[in-house]
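First the structure, in the form of structure tokens, and then the observations on it.
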Amino acid sequence: MTLPIEPTTASAPPAVHYRALSPLAVTSAVLAVLSIATALHWALAVIPLAGIVLGWVALKQMNKAPDEWTGVAAAQLGIVFSAAFMIFGFGWQYFAHATEAPFGYQPITYETLQPDPLKPTEPIPQTALDMQDRKVFIKGFMQPRRTQTGIKEFILCPTNGDCPFCIPNPKPTEQMRVILQGDLETNYTTHQVGVAGRFRVDLDDPSRIPYAIDADAIR
């Protein structure tokens, strides 16, 4: 006797729901790696800030639609490492800025020497006048000149005049006469240099450059 054979039905495999990797989370992680550049300049802090914001937005996106997006770990890493590298970069910049000036010299920048555009009657800002005869340290670039060696006096500018992104015609307040004191002398260089010495403001200087430094150290 032949027994009836019942047809067997194969069970269908469970449906796999695909979730896309959040591009915001990936971008946050990439920016976290690039955030190490904050150690090069304060302005580059925009990189870790963007990494933190995008990571936070990605987490909110995934919380609202967990069935559509994945990448929580990437977003969290992006936020954590962006914040960590930003703190490290600020710390490194502060340390470098605080230790590059010789002891007893006040670090200054060209930004503090520029007049207030809202006060056209004041050609020199009060911040510059307050530094009269103080020992300061400032970094800049030597203006191109014919003499290349044994230089005793030169003009210091905030940017290198040979680069395509520099100030083509610097204003008087964007220049500084550097007079090397004693036996101190230097050679021309296109690299940034640091100058330490006594700061002077003279609006009647024949060169029409109001700022000068009687330098006793150059780096």
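So you can find residues: chains in the structure tokens are A, B, ... in the order shown, residues in each start at 1, and ligands are numbered from 1 in order.
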
Using only C-alpha atoms, find each residue of range 39-124 of chain A with at least one atom at most 7 Å away from an atom of range 130-141 of chain A; report its shortest atom-to-atom pair and that distance in Å (one decimal), sort the rows by chain and rising residue number, and return the result as a tab-separated table.
residue	atom	partner	partner_atom	distance
A:Ala101	CA	A:Phe137	CA	5.9
A:Tyr105	CA	A:Val136	CA	4.7
A:Gln106	CA	A:Val136	CA	4.4
A:Pro107	CA	A:Phe137	CA	4.6
A:Ile108	CA	A:Ile138	CA	5.4
A:Thr109	CA	A:Ile138	CA	6.0

All helix (DSSP H, G or I) positions in range 51-175 of chain A, as a PyMOL selection string: chain A and resi 51-64+72-100+110-113+126-129+172-174

Record the distance separating CA of Ala58 in chain A and CA of Leu77 in chain A, expressed in Å with one decimal. 11.7 Å

Determine which residues of range 126-211 of chain A receive a DSSP assignment of strand (DSSP E or B), computed from the backbone, and state them as JSON, numbers by chain. {"A": [135, 136, 137, 138, 139, 140, 141, 142, 151, 153, 154, 155, 156, 157, 176, 177, 178, 179, 180, 186, 193, 194, 195, 196, 197, 198, 199, 200, 201, 211]}

Please report, as a Markdown table, each residue of range 90-154 of chain A lying at most 8 Å from range 175-179 of chain A, together with the nearest pair of atoms and the separation in Å rounded to one decimal; use only C-alpha atoms, and order rows by chain and ascending residue number.
| residue | atom | partner | partner_atom | distance |
| --- | --- | --- | --- | --- |
| A:Lys152 | CA | A:Ile179 | CA | 6.2 |
| A:Glu153 | CA | A:Ile179 | CA | 4.6 |
| A:Phe154 | CA | A:Val178 | CA | 5.4 |

CA of Gln126 in chain A to CA of Thr112 in chain A, straight-line distance in Å: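 Interatomic distance, CA of Thr112 in chain A to CA of Gln126 in chain A: 9.3 Å.
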
Near-Pro48 in chain A list (8 Å; only C-alpha atoms; drop same-chain fewer than 5 positions) as JSON, numbers by chain: {"A": [31, 32, 34, 35, 38, 82, 83, 85, 86]}

How would the residues just picked look written out with N, CA and C atoms as a short mmCIF file (atom, residue, chain, number, x, y, z; two decimals), in the first residue's frame?
data_model
loop_
_atom_site.label_atom_id
_atom_site.label_comp_id
_atom_site.auth_asym_id
_atom_site.auth_seq_id
_atom_site.Cartn_x
_atom_site.Cartn_y
_atom_site.Cartn_z
N LEU A 31 35.61 64.33 9.62
CA LEU A 31 36.02 65.63 10.17
C LEU A 31 36.76 65.47 11.50
N ALA A 32 36.40 64.44 12.24
CA ALA A 32 37.10 64.19 13.50
C ALA A 32 38.58 63.90 13.25
N LEU A 34 40.29 64.95 10.62
CA LEU A 34 40.90 66.19 10.13
C LEU A 34 41.04 67.25 11.22
N SER A 35 40.36 67.05 12.34
CA SER A 35 40.38 68.05 13.41
C SER A 35 41.75 68.24 14.03
N THR A 38 43.63 71.57 13.89
CA THR A 38 43.39 72.70 14.79
C THR A 38 44.68 73.14 15.46
N SER A 82 36.28 64.79 17.63
CA SER A 82 36.30 66.19 17.22
C SER A 82 36.53 67.09 18.43
N ALA A 83 35.80 66.81 19.52
CA ALA A 83 35.96 67.61 20.74
C ALA A 83 37.36 67.44 21.32
N PHE A 85 40.22 66.57 19.77
CA PHE A 85 41.25 67.21 18.95
C PHE A 85 41.14 68.73 19.00
N MET A 86 39.93 69.26 19.18
CA MET A 86 39.78 70.70 19.30
C MET A 86 40.43 71.19 20.60
#

Nearest residue to Lys171 in chain A out of A:Gln114, A:Gln76, A:Thr127, A:Gln61, using only C-alpha atoms?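 Smallest distance to Lys171 in chain A is found for A:Gln114.
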
Between CA of Tyr211 in chain A and CA of Ile124 in chain A, what is the distance in Å, rounded to a tenth? 9.6 Å

Quick one: of A:Leu129, A:Ala215, A:Leu49, A:Leu156, who's nearest to Leu203 in chain A, counting only C-alpha atoms?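 Closest candidate: A:Leu129.
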
Compile the contact shell of Ile213 in chain A as a compact mmCIF listing (two decimals) with N, CA and C atoms, in the first residue's frame: residues with an atom at most 6 Å away, counting only C-alpha atoms, same-chain residues fewer than 5 positions apart removed.
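Saved as selection_36.txt:
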# COMPACT_ATOMS: atom_id res chain seq x y z
N VAL A 178 62.00 97.62 11.91
CA VAL A 178 62.78 96.85 12.88
C VAL A 178 64.21 97.33 12.81
N GLY A 197 61.73 93.23 21.18
CA GLY A 197 62.41 94.48 21.47
C GLY A 197 61.46 95.52 22.02
N ARG A 198 61.94 96.76 22.11
CA ARG A 198 61.14 97.87 22.65
C ARG A 198 60.27 98.46 21.54
N PHE A 199 58.98 98.52 21.81
CA PHE A 199 57.99 98.99 20.83
C PHE A 199 57.86 100.51 20.91

List the spatial neighbours of Ala73 in chain A as a list in words - criterion: any atom at most 12 Å away, only C-alpha atoms, same-chain residues fewer than 3 positions off excluded. Leu21, Ser22, Ala25, Val26, Ser28, Ala29, Gly55, Trp56, Ala58, Leu59, Met62, Trp69, Thr70, Gln76, Leu77, Gly78, Ile79, Val80 and Phe81 of chain A

Please provide as a ChimeraX atom specification all residues within 8 Å of range 186-189 of chain A, with the sequence filter that same-chain residues fewer than 6 positions apart are discarded (counting only C-alpha atoms). /A:142,144-145,147-152

Atoms kept (N, CA and C atoms) for selection, written as a PDB file, in the first residue's frame:
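Dumped everything to selection08.pdb:
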ATOM      1  N   MET A 142      59.783  89.570   6.466  1.00  0.00           N
ATOM      2  CA  MET A 142      60.612  90.677   6.018  1.00  0.00           C
ATOM      3  C   MET A 142      60.188  91.110   4.618  1.00  0.00           C
ATOM      4  N   PRO A 144      60.772  92.241   0.903  1.00  0.00           N
ATOM      5  CA  PRO A 144      61.904  92.010  -0.016  1.00  0.00           C
ATOM      6  C   PRO A 144      62.799  93.235  -0.106  1.00  0.00           C
ATOM      7  N   ARG A 145      64.098  92.999  -0.204  1.00  0.00           N
ATOM      8  CA  ARG A 145      65.067  94.082  -0.251  1.00  0.00           C
ATOM      9  C   ARG A 145      66.287  93.659  -1.042  1.00  0.00           C
ATOM     10  N   THR A 147      69.594  94.205  -0.199  1.00  0.00           N
ATOM     11  CA  THR A 147      70.622  93.639   0.669  1.00  0.00           C
ATOM     12  C   THR A 147      70.131  92.312   1.239  1.00  0.00           C
ATOM     13  N   GLN A 148      70.936  91.289   1.113  1.00  0.00           N
ATOM     14  CA  GLN A 148      70.540  89.954   1.551  1.00  0.00           C
ATOM     15  C   GLN A 148      71.233  89.518   2.839  1.00  0.00           C
ATOM     16  N   THR A 149      72.363  90.095   3.162  1.00  0.00           N
ATOM     17  CA  THR A 149      73.119  89.682   4.346  1.00  0.00           C
ATOM     18  C   THR A 149      73.529  90.908   5.153  1.00  0.00           C
ATOM     19  N   GLY A 150      73.856  90.674   6.421  1.00  0.00           N
ATOM     20  CA  GLY A 150      74.309  91.745   7.292  1.00  0.00           C
ATOM     21  C   GLY A 150      73.296  92.855   7.467  1.00  0.00           C
ATOM     22  N   ILE A 151      72.033  92.515   7.531  1.00  0.00           N
ATOM     23  CA  ILE A 151      70.961  93.500   7.607  1.00  0.00           C
ATOM     24  C   ILE A 151      70.833  94.033   9.035  1.00  0.00           C
ATOM     25  N   LYS A 152      70.774  95.341   9.182  1.00  0.00           N
ATOM     26  CA  LYS A 152      70.600  95.985  10.476  1.00  0.00           C
ATOM     27  C   LYS A 152      69.209  96.602  10.655  1.00  0.00           C
TER      28      LYS A 152
END

Selected residue, from A:Thr121, A:Asp216, A:Ala45, A:Pro23, that lies nearest to Glu185 in chain A when counting only C-alpha atoms: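 Nearest candidate to Glu185 in chain A out of A:Thr121, A:Asp216, A:Ala45, A:Pro23: A:Asp216.
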
For a quick check of understanding, using only C-alpha atoms, which of A:Ile218, A:Ile155, A:Ala20, A:Val53 has the smallest distance to Asp67 in chain A?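 Ranking A:Ile218, A:Ile155, A:Ala20, A:Val53 by distance to Asp67 in chain A, first place goes to A:Ala20.
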